[in-house]
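Okay, structure_21.pdb is below, PDB, N, CA and C atoms:
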ATOM      1  N   MET A   1      56.755   0.398 127.259
ATOM      2  CA  MET A   1      57.448  -0.867 127.128
ATOM      3  C   MET A   1      58.937  -0.616 127.267
ATOM      4  N   MET A   2      59.534  -1.282 128.223
ATOM      5  CA  MET A   2      60.924  -0.986 128.543
ATOM      6  C   MET A   2      61.875  -1.477 127.452
ATOM      7  N   ASN A   3      61.651  -2.592 126.876
ATOM      8  CA  ASN A   3      62.516  -3.111 125.829
ATOM      9  C   ASN A   3      61.664  -3.353 124.593
ATOM     10  N   ASP A   4      61.887  -2.570 123.567
ATOM     11  CA  ASP A   4      61.033  -2.671 122.392
ATOM     12  C   ASP A   4      61.594  -3.587 121.315
ATOM     13  N   ALA A   5      62.601  -4.381 121.628
ATOM     14  CA  ALA A   5      63.153  -5.318 120.645
ATOM     15  C   ALA A   5      62.116  -6.365 120.248
ATOM     16  N   VAL A   6      61.313  -6.817 121.201
ATOM     17  CA  VAL A   6      60.281  -7.809 120.894
ATOM     18  C   VAL A   6      59.230  -7.195 119.973
ATOM     19  N   LEU A   7      58.863  -5.949 120.238
ATOM     20  CA  LEU A   7      57.888  -5.271 119.390
ATOM     21  C   LEU A   7      58.421  -5.100 117.973
ATOM     22  N   ARG A   8      59.673  -4.682 117.850
ATOM     23  CA  ARG A   8      60.256  -4.505 116.515
ATOM     24  C   ARG A   8      60.341  -5.820 115.756
ATOM     25  N   SER A   9      60.768  -6.890 116.423
ATOM     26  CA  SER A   9      60.861  -8.172 115.718
ATOM     27  C   SER A   9      59.472  -8.702 115.363
ATOM     28  N   SER A  10      58.476  -8.466 116.222
ATOM     29  CA  SER A  10      57.110  -8.898 115.908
ATOM     30  C   SER A  10      56.573  -8.155 114.685
ATOM     31  N   LEU A  11      56.837  -6.869 114.612
ATOM     32  CA  LEU A  11      56.387  -6.092 113.445
ATOM     33  C   LEU A  11      57.132  -6.503 112.180
ATOM     34  N   LEU A  12      58.407  -6.873 112.305
ATOM     35  CA  LEU A  12      59.157  -7.362 111.153
ATOM     36  C   LEU A  12      58.566  -8.671 110.639
ATOM     37  N   TYR A  13      58.270  -9.602 111.554
ATOM     38  CA  TYR A  13      57.663 -10.869 111.140
ATOM     39  C   TYR A  13      56.270 -10.649 110.554
ATOM     40  N   LEU A  14      55.534  -9.703 111.099
ATOM     41  CA  LEU A  14      54.223  -9.379 110.542
ATOM     42  C   LEU A  14      54.362  -8.875 109.108
ATOM     43  N   GLY A  15      55.350  -8.029 108.868
ATOM     44  CA  GLY A  15      55.585  -7.547 107.505
ATOM     45  C   GLY A  15      55.922  -8.675 106.540
ATOM     46  N   ILE A  16      56.698  -9.636 107.000
ATOM     47  CA  ILE A  16      57.047 -10.789 106.159
ATOM     48  C   ILE A  16      55.801 -11.612 105.852
ATOM     49  N   ILE A  17      54.944 -11.822 106.869
ATOM     50  CA  ILE A  17      53.715 -12.592 106.666
ATOM     51  C   ILE A  17      52.780 -11.865 105.697
ATOM     52  N   VAL A  18      52.665 -10.549 105.843
ATOM     53  CA  VAL A  18      51.816  -9.773 104.936
ATOM     54  C   VAL A  18      52.352  -9.867 103.512
ATOM     55  N   LEU A  19      53.662  -9.788 103.344
ATOM     56  CA  LEU A  19      54.259  -9.914 102.011
ATOM     57  C   LEU A  19      53.979 -11.293 101.410
ATOM     58  N   LEU A  20      54.096 -12.347 102.220
ATOM     59  CA  LEU A  20      53.809 -13.697 101.720
ATOM     60  C   LEU A  20      52.339 -13.862 101.345
ATOM     61  N   ILE A  21      51.438 -13.285 102.150
ATOM     62  CA  ILE A  21      50.012 -13.337 101.808
ATOM     63  C   ILE A  21      49.770 -12.630 100.476
ATOM     64  N   GLY A  22      50.426 -11.504 100.270
ATOM     65  CA  GLY A  22      50.267 -10.783  99.003
ATOM     66  C   GLY A  22      50.805 -11.561  97.814
ATOM     67  N   ILE A  23      51.930 -12.242  98.004
ATOM     68  CA  ILE A  23      52.526 -13.016  96.913
ATOM     69  C   ILE A  23      51.642 -14.205  96.539
ATOM     70  N   PHE A  24      51.109 -14.893  97.542
ATOM     71  CA  PHE A  24      50.341 -16.100  97.270
ATOM     72  C   PHE A  24      48.886 -15.854  96.896
ATOM     73  N   THR A  25      48.291 -14.740  97.323
ATOM     74  CA  THR A  25      46.872 -14.512  97.028
ATOM     75  C   THR A  25      46.639 -13.424  95.986
ATOM     76  N   TYR A  26      47.636 -12.597  95.690
ATOM     77  CA  TYR A  26      47.506 -11.477  94.749
ATOM     78  C   TYR A  26      46.360 -10.550  95.138
ATOM     79  N   SER A  27      46.143 -10.367  96.437
ATOM     80  CA  SER A  27      45.035  -9.552  96.899
ATOM     81  C   SER A  27      45.540  -8.513  97.901
ATOM     82  N   PHE A  28      45.402  -7.244  97.519
ATOM     83  CA  PHE A  28      45.792  -6.165  98.414
ATOM     84  C   PHE A  28      44.856  -6.108  99.624
ATOM     85  N   LYS A  29      43.583  -6.409  99.407
ATOM     86  CA  LYS A  29      42.615  -6.390 100.499
ATOM     87  C   LYS A  29      42.962  -7.437 101.557
ATOM     88  N   LYS A  30      43.354  -8.629 101.142
ATOM     89  CA  LYS A  30      43.741  -9.669 102.088
ATOM     90  C   LYS A  30      45.044  -9.311 102.803
ATOM     91  N   MET A  31      45.920  -8.598 102.115
ATOM     92  CA  MET A  31      47.140  -8.122 102.760
ATOM     93  C   MET A  31      46.805  -7.130 103.872
ATOM     94  N   MET A  32      45.882  -6.224 103.600
ATOM     95  CA  MET A  32      45.522  -5.224 104.611
ATOM     96  C   MET A  32      44.787  -5.848 105.790
ATOM     97  N   VAL A  33      43.927  -6.828 105.527
ATOM     98  CA  VAL A  33      43.246  -7.530 106.616
ATOM     99  C   VAL A  33      44.273  -8.248 107.486
ATOM    100  N   THR A  34      45.241  -8.898 106.861
ATOM    101  CA  THR A  34      46.293  -9.583 107.602
ATOM    102  C   THR A  34      47.121  -8.594 108.415
ATOM    103  N   TYR A  35      47.428  -7.454 107.818
ATOM    104  CA  TYR A  35      48.221  -6.442 108.505
ATOM    105  C   TYR A  35      47.502  -5.917 109.749
ATOM    106  N   PHE A  36      46.236  -5.549 109.603
ATOM    107  CA  PHE A  36      45.507  -4.997 110.738
ATOM    108  C   PHE A  36      45.213  -6.064 111.805
ATOM    109  N   PHE A  37      44.919  -7.280 111.378
ATOM    110  CA  PHE A  37      44.745  -8.367 112.341
ATOM    111  C   PHE A  37      46.038  -8.582 113.125
ATOM    112  N   GLY A  38      47.156  -8.570 112.436
ATOM    113  CA  GLY A  38      48.447  -8.735 113.099
ATOM    114  C   GLY A  38      48.763  -7.604 114.058
ATOM    115  N   LEU A  39      48.442  -6.376 113.662
ATOM    116  CA  LEU A  39      48.677  -5.237 114.560
ATOM    117  C   LEU A  39      47.847  -5.351 115.829
ATOM    118  N   PHE A  40      46.578  -5.704 115.682
ATOM    119  CA  PHE A  40      45.734  -5.867 116.865
ATOM    120  C   PHE A  40      46.210  -7.030 117.732
ATOM    121  N   ALA A  41      46.652  -8.115 117.108
ATOM    122  CA  ALA A  41      47.137  -9.264 117.871
ATOM    123  C   ALA A  41      48.413  -8.909 118.630
ATOM    124  N   ILE A  42      49.341  -8.217 117.967
ATOM    125  CA  ILE A  42      50.587  -7.826 118.622
ATOM    126  C   ILE A  42      50.317  -6.834 119.748
ATOM    127  N   SER A  43      49.465  -5.872 119.477
ATOM    128  CA  SER A  43      49.195  -4.875 120.519
ATOM    129  C   SER A  43      48.424  -5.476 121.684
ATOM    130  N   GLY A  44      47.615  -6.479 121.433
ATOM    131  CA  GLY A  44      46.885  -7.125 122.518
ATOM    132  C   GLY A  44      47.769  -7.933 123.437
ATOM    133  N   VAL A  45      48.873  -8.441 122.907
ATOM    134  CA  VAL A  45      49.772  -9.246 123.724
ATOM    135  C   VAL A  45      50.889  -8.403 124.337
ATOM    136  N   LEU A  46      51.465  -7.484 123.570
ATOM    137  CA  LEU A  46      52.659  -6.788 124.029
ATOM    138  C   LEU A  46      52.414  -5.454 124.716
ATOM    139  N   LEU A  47      51.290  -4.793 124.451
ATOM    140  CA  LEU A  47      51.143  -3.424 124.918
ATOM    141  C   LEU A  47      50.156  -3.161 126.047
ATOM    142  N   PRO A  48      49.479  -4.139 126.622
ATOM    143  CA  PRO A  48      48.522  -3.797 127.684
ATOM    144  C   PRO A  48      49.219  -3.245 128.930
ATOM    145  N   ASP A  49      48.435  -2.614 129.767
ATOM    146  CA  ASP A  49      48.929  -2.077 131.027
ATOM    147  C   ASP A  49      49.143  -3.233 131.991
ATOM    148  N   TRP A  50      50.329  -3.809 132.000
ATOM    149  CA  TRP A  50      50.569  -5.022 132.767
ATOM    150  C   TRP A  50      50.490  -4.794 134.267
ATOM    151  N   GLU A  51      50.819  -3.578 134.740
ATOM    152  CA  GLU A  51      50.706  -3.322 136.170
ATOM    153  C   GLU A  51      49.248  -3.397 136.609
ATOM    154  N   PHE A  52      48.338  -3.069 135.714
ATOM    155  CA  PHE A  52      46.915  -3.157 136.030
ATOM    156  C   PHE A  52      46.411  -4.585 135.903
ATOM    157  N   PHE A  53      46.721  -5.241 134.796
ATOM    158  CA  PHE A  53      46.186  -6.574 134.530
ATOM    159  C   PHE A  53      46.981  -7.687 135.196
ATOM    160  N   ASP A  54      48.165  -7.387 135.711
ATOM    161  CA  ASP A  54      48.993  -8.408 136.336
ATOM    162  C   ASP A  54      48.577  -8.611 137.797
ATOM    163  N   ARG A  55      47.297  -8.725 137.991
ATOM    164  CA  ARG A  55      46.713  -8.964 139.312
ATOM    165  C   ARG A  55      45.640 -10.027 139.148
ATOM    166  N   ASP A  56      45.130 -10.503 140.256
ATOM    167  CA  ASP A  56      44.022 -11.442 140.218
ATOM    168  C   ASP A  56      42.808 -10.766 139.581
ATOM    169  N   PHE A  57      41.986 -11.538 138.882
ATOM    170  CA  PHE A  57      40.837 -10.972 138.163
ATOM    171  C   PHE A  57      39.888 -10.218 139.090
ATOM    172  N   SER A  58      39.730 -10.683 140.313
ATOM    173  CA  SER A  58      38.817 -10.012 141.238
ATOM    174  C   SER A  58      39.306  -8.615 141.606
ATOM    175  N   GLN A  59      40.582  -8.328 141.403
ATOM    176  CA  GLN A  59      41.136  -7.017 141.727
ATOM    177  C   GLN A  59      41.126  -6.051 140.545
ATOM    178  N   TRP A  60      40.669  -6.483 139.368
ATOM    179  CA  TRP A  60      40.676  -5.619 138.188
ATOM    180  C   TRP A  60      39.741  -4.427 138.332
ATOM    181  N   PHE A  61      38.745  -4.528 139.187
ATOM    182  CA  PHE A  61      37.770  -3.455 139.328
ATOM    183  C   PHE A  61      38.167  -2.456 140.415
ATOM    184  N   CYS A  62      39.311  -2.661 141.043
ATOM    185  CA  CYS A  62      39.830  -1.753 142.068
ATOM    186  C   CYS A  62      41.010  -0.977 141.491
ATOM    187  N   PRO A  63      41.246   0.239 141.955
ATOM    188  CA  PRO A  63      42.398   1.007 141.459
ATOM    189  C   PRO A  63      43.716   0.323 141.813
ATOM    190  N   VAL A  64      44.744   0.594 141.029
ATOM    191  CA  VAL A  64      46.062   0.047 141.281
ATOM    192  C   VAL A  64      46.681   0.803 142.450
ATOM    193  N   THR A  65      47.215   0.073 143.388
ATOM    194  CA  THR A  65      47.891   0.697 144.519
ATOM    195  C   THR A  65      49.385   0.457 144.395
ATOM    196  N   ILE A  66      50.166   1.426 144.827
ATOM    197  CA  ILE A  66      51.622   1.292 144.806
ATOM    198  C   ILE A  66      52.031   0.475 146.014
ATOM    199  N   GLU A  67      52.930  -0.470 145.777
ATOM    200  CA  GLU A  67      53.378  -1.327 146.867
ATOM    201  C   GLU A  67      54.114  -0.491 147.911
ATOM    202  N   HIS A  68      54.006  -0.900 149.154
ATOM    203  CA  HIS A  68      54.622  -0.147 150.237
ATOM    204  C   HIS A  68      56.141  -0.184 150.173
ATOM    205  N   GLY A  69      56.703  -1.223 149.603
ATOM    206  CA  GLY A  69      58.159  -1.346 149.546
ATOM    207  C   GLY A  69      58.784  -0.618 148.384
ATOM    208  N   ALA A  70      58.002  -0.058 147.484
ATOM    209  CA  ALA A  70      58.551   0.611 146.312
ATOM    210  C   ALA A  70      59.105   1.979 146.698
ATOM    211  N   ASP A  71      60.173   2.373 146.037
ATOM    212  CA  ASP A  71      60.789   3.677 146.279
ATOM    213  C   ASP A  71      59.933   4.758 145.635
ATOM    214  N   SER A  72      59.488   5.732 146.397
ATOM    215  CA  SER A  72      58.593   6.758 145.875
ATOM    216  C   SER A  72      59.312   7.768 145.009
ATOM    217  N   SER A  73      60.652   7.841 145.067
ATOM    218  CA  SER A  73      61.373   8.817 144.260
ATOM    219  C   SER A  73      61.603   8.337 142.830
ATOM    220  N   SER A  74      61.544   7.025 142.584
ATOM    221  CA  SER A  74      61.751   6.517 141.238
ATOM    222  C   SER A  74      60.450   6.598 140.444
ATOM    223  N   PRO A  75      60.516   6.996 139.162
ATOM    224  CA  PRO A  75      59.294   7.152 138.387
ATOM    225  C   PRO A  75      58.637   5.853 137.972
ATOM    226  N   GLN A  76      59.397   4.751 137.933
ATOM    227  CA  GLN A  76      58.822   3.479 137.505
ATOM    228  C   GLN A  76      58.907   2.460 138.624
ATOM    229  N   ILE A  77      57.939   1.586 138.669
ATOM    230  CA  ILE A  77      57.948   0.489 139.628
ATOM    231  C   ILE A  77      58.763  -0.646 139.028
ATOM    232  N   SER A  78      59.629  -1.242 139.819
ATOM    233  CA  SER A  78      60.475  -2.329 139.347
ATOM    234  C   SER A  78      59.629  -3.527 138.967
ATOM    235  N   ARG A  79      59.986  -4.159 137.871
ATOM    236  CA  ARG A  79      59.264  -5.342 137.410
ATOM    237  C   ARG A  79      60.137  -6.576 137.570
ATOM    238  N   SER A  80      60.819  -6.690 138.685
ATOM    239  CA  SER A  80      61.734  -7.803 138.892
ATOM    240  C   SER A  80      61.005  -9.118 139.113
ATOM    241  N   THR A  81      59.703  -9.081 139.372
ATOM    242  CA  THR A  81      58.961 -10.311 139.620
ATOM    243  C   THR A  81      58.645 -11.059 138.341
ATOM    244  N   GLY A  82      58.943 -10.507 137.197
ATOM    245  CA  GLY A  82      58.667 -11.168 135.935
ATOM    246  C   GLY A  82      57.482 -10.538 135.240
ATOM    247  N   ARG A  83      57.488 -10.557 133.934
ATOM    248  CA  ARG A  83      56.448  -9.869 133.190
ATOM    249  C   ARG A  83      55.196 -10.704 133.027
ATOM    250  N   PHE A  84      55.351 -11.961 132.682
ATOM    251  CA  PHE A  84      54.195 -12.784 132.384
ATOM    252  C   PHE A  84      53.951 -13.792 133.499
ATOM    253  N   LYS A  85      52.824 -13.653 134.148
ATOM    254  CA  LYS A  85      52.393 -14.641 135.119
ATOM    255  C   LYS A  85      51.197 -15.359 134.516
ATOM    256  N   ILE A  86      51.116 -16.646 134.748
ATOM    257  CA  ILE A  86      50.051 -17.447 134.158
ATOM    258  C   ILE A  86      48.823 -17.394 135.068
ATOM    259  N   TYR A  87      47.766 -16.785 134.567
ATOM    260  CA  TYR A  87      46.475 -16.787 135.243
ATOM    261  C   TYR A  87      45.508 -17.538 134.340
ATOM    262  N   PRO A  88      44.775 -18.517 134.853
ATOM    263  CA  PRO A  88      43.900 -19.330 134.006
ATOM    264  C   PRO A  88      42.834 -18.516 133.273
ATOM    265  N   LEU A  89      42.252 -17.527 133.912
ATOM    266  CA  LEU A  89      41.213 -16.738 133.261
ATOM    267  C   LEU A  89      41.780 -15.921 132.100
ATOM    268  N   ARG A  90      42.943 -15.312 132.310
ATOM    269  CA  ARG A  90      43.575 -14.542 131.236
ATOM    270  C   ARG A  90      43.952 -15.454 130.078
ATOM    271  N   LEU A  91      44.496 -16.613 130.394
ATOM    272  CA  LEU A  91      44.886 -17.559 129.357
ATOM    273  C   LEU A  91      43.669 -18.040 128.569
ATOM    274  N   ALA A  92      42.573 -18.333 129.251
ATOM    275  CA  ALA A  92      41.354 -18.771 128.566
ATOM    276  C   ALA A  92      40.783 -17.652 127.707
ATOM    277  N   LEU A  93      40.778 -16.422 128.225
ATOM    278  CA  LEU A  93      40.262 -15.291 127.459
ATOM    279  C   LEU A  93      41.101 -15.039 126.210
ATOM    280  N   TYR A  94      42.422 -15.053 126.355
ATOM    281  CA  TYR A  94      43.294 -14.881 125.186
ATOM    282  C   TYR A  94      43.087 -16.010 124.175
ATOM    283  N   ALA A  95      42.981 -17.246 124.658
ATOM    284  CA  ALA A  95      42.809 -18.384 123.753
ATOM    285  C   ALA A  95      41.500 -18.274 122.976
ATOM    286  N   ILE A  96      40.429 -17.860 123.633
ATOM    287  CA  ILE A  96      39.131 -17.728 122.954
ATOM    288  C   ILE A  96      39.165 -16.599 121.931
ATOM    289  N   VAL A  97      39.623 -15.424 122.340
ATOM    290  CA  VAL A  97      39.619 -14.265 121.448
ATOM    291  C   VAL A  97      40.564 -14.467 120.269
ATOM    292  N   TYR A  98      41.795 -14.877 120.542
ATOM    293  CA  TYR A  98      42.757 -15.048 119.458
ATOM    294  C   TYR A  98      42.443 -16.275 118.604
ATOM    295  N   GLY A  99      41.914 -17.313 119.195
ATOM    296  CA  GLY A  99      41.513 -18.477 118.405
ATOM    297  C   GLY A  99      40.405 -18.142 117.428
ATOM    298  N   PHE A 100      39.388 -17.409 117.896
ATOM    299  CA  PHE A 100      38.294 -17.004 117.018
ATOM    300  C   PHE A 100      38.792 -16.053 115.926
ATOM    301  N   GLY A 101      39.628 -15.105 116.303
ATOM    302  CA  GLY A 101      40.173 -14.168 115.315
ATOM    303  C   GLY A 101      41.032 -14.860 114.281
ATOM    304  N   LEU A 102      41.864 -15.785 114.724
ATOM    305  CA  LEU A 102      42.713 -16.518 113.787
ATOM    306  C   LEU A 102      41.882 -17.399 112.863
ATOM    307  N   TYR A 103      40.833 -17.995 113.406
ATOM    308  CA  TYR A 103      39.945 -18.810 112.572
ATOM    309  C   TYR A 103      39.277 -17.950 111.504
ATOM    310  N   LYS A 104      38.720 -16.803 111.880
ATOM    311  CA  LYS A 104      38.056 -15.924 110.906
ATOM    312  C   LYS A 104      39.041 -15.396 109.871
ATOM    313  N   TRP A 105      40.256 -15.074 110.321
ATOM    314  CA  TRP A 105      41.277 -14.599 109.382
ATOM    315  C   TRP A 105      41.625 -15.703 108.388
ATOM    316  N   TRP A 106      41.796 -16.927 108.860
ATOM    317  CA  TRP A 106      42.156 -18.032 107.973
ATOM    318  C   TRP A 106      41.053 -18.317 106.959
ATOM    319  N   VAL A 107      39.798 -18.278 107.398
ATOM    320  CA  VAL A 107      38.683 -18.513 106.485
ATOM    321  C   VAL A 107      38.660 -17.434 105.407
ATOM    322  N   TYR A 108      38.916 -16.192 105.800
ATOM    323  CA  TYR A 108      38.885 -15.097 104.826
ATOM    324  C   TYR A 108      40.053 -15.193 103.841
ATOM    325  N   VAL A 109      41.247 -15.461 104.343
ATOM    326  CA  VAL A 109      42.436 -15.487 103.489
ATOM    327  C   VAL A 109      42.450 -16.724 102.600
ATOM    328  N   SER A 110      41.971 -17.843 103.087
ATOM    329  CA  SER A 110      42.034 -19.069 102.290
ATOM    330  C   SER A 110      40.981 -19.136 101.189
ATOM    331  N   ASN A 111      39.980 -18.280 101.233
ATOM    332  CA  ASN A 111      38.952 -18.271 100.167
ATOM    333  C   ASN A 111      39.345 -17.390  99.024
TER     334      ASN A 111
END
Do you think you could lay out the structure here as structure tokens?
Amino acid sequence: MMNDAVLRSSLLYLGIIVLLIGIFTYSFKKMMVTYFFGLFAISGVLLPDWEFFDRDFSQWFCPVTIEHGADSSSPQISRSTGRFKIYPLRLALYAIVYGFGLYKWWVYVSN
């Protein structure tokens, strides 16, 4: 990850949320569930191999090829095209997985 400021701020907010869950529920177990759920959620959004997944879904089963215009002497491929592109399948998959996880987390923490 080229700029880890987003990761650091996400982990800071996660720590604040875990602290609030601990204050309001008095449960260390619920704090740990919240912490690990948050870590998996953050890592699922911020840390995937975007050069691999930033392609059409039909191309996910093929190896990543280096673009012909990229400089072969530089160790990293330029990401000037933008980091997040909206693909309907990826958006639907994230919405289903994170929605279900958030629902299960809320049911567990609120009881």
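Counting from atom N of A:Phe28, the distance to atom N of A:Ser9 is 24.4 Å.
Going from atom CA of A:Leu11 over to atom CA of A:Tyr26, you cover 21.4 Å.
Rounded to one decimal, atom C of A:Leu14 and atom CA of A:Gly38 lie 7.1 Å from each other.
Closest approach to A:Val109 among A:Lys30, A:Gly44, A:Ala5, A:Gly15 is made by A:Lys30 (distances from only N, CA and C atoms).
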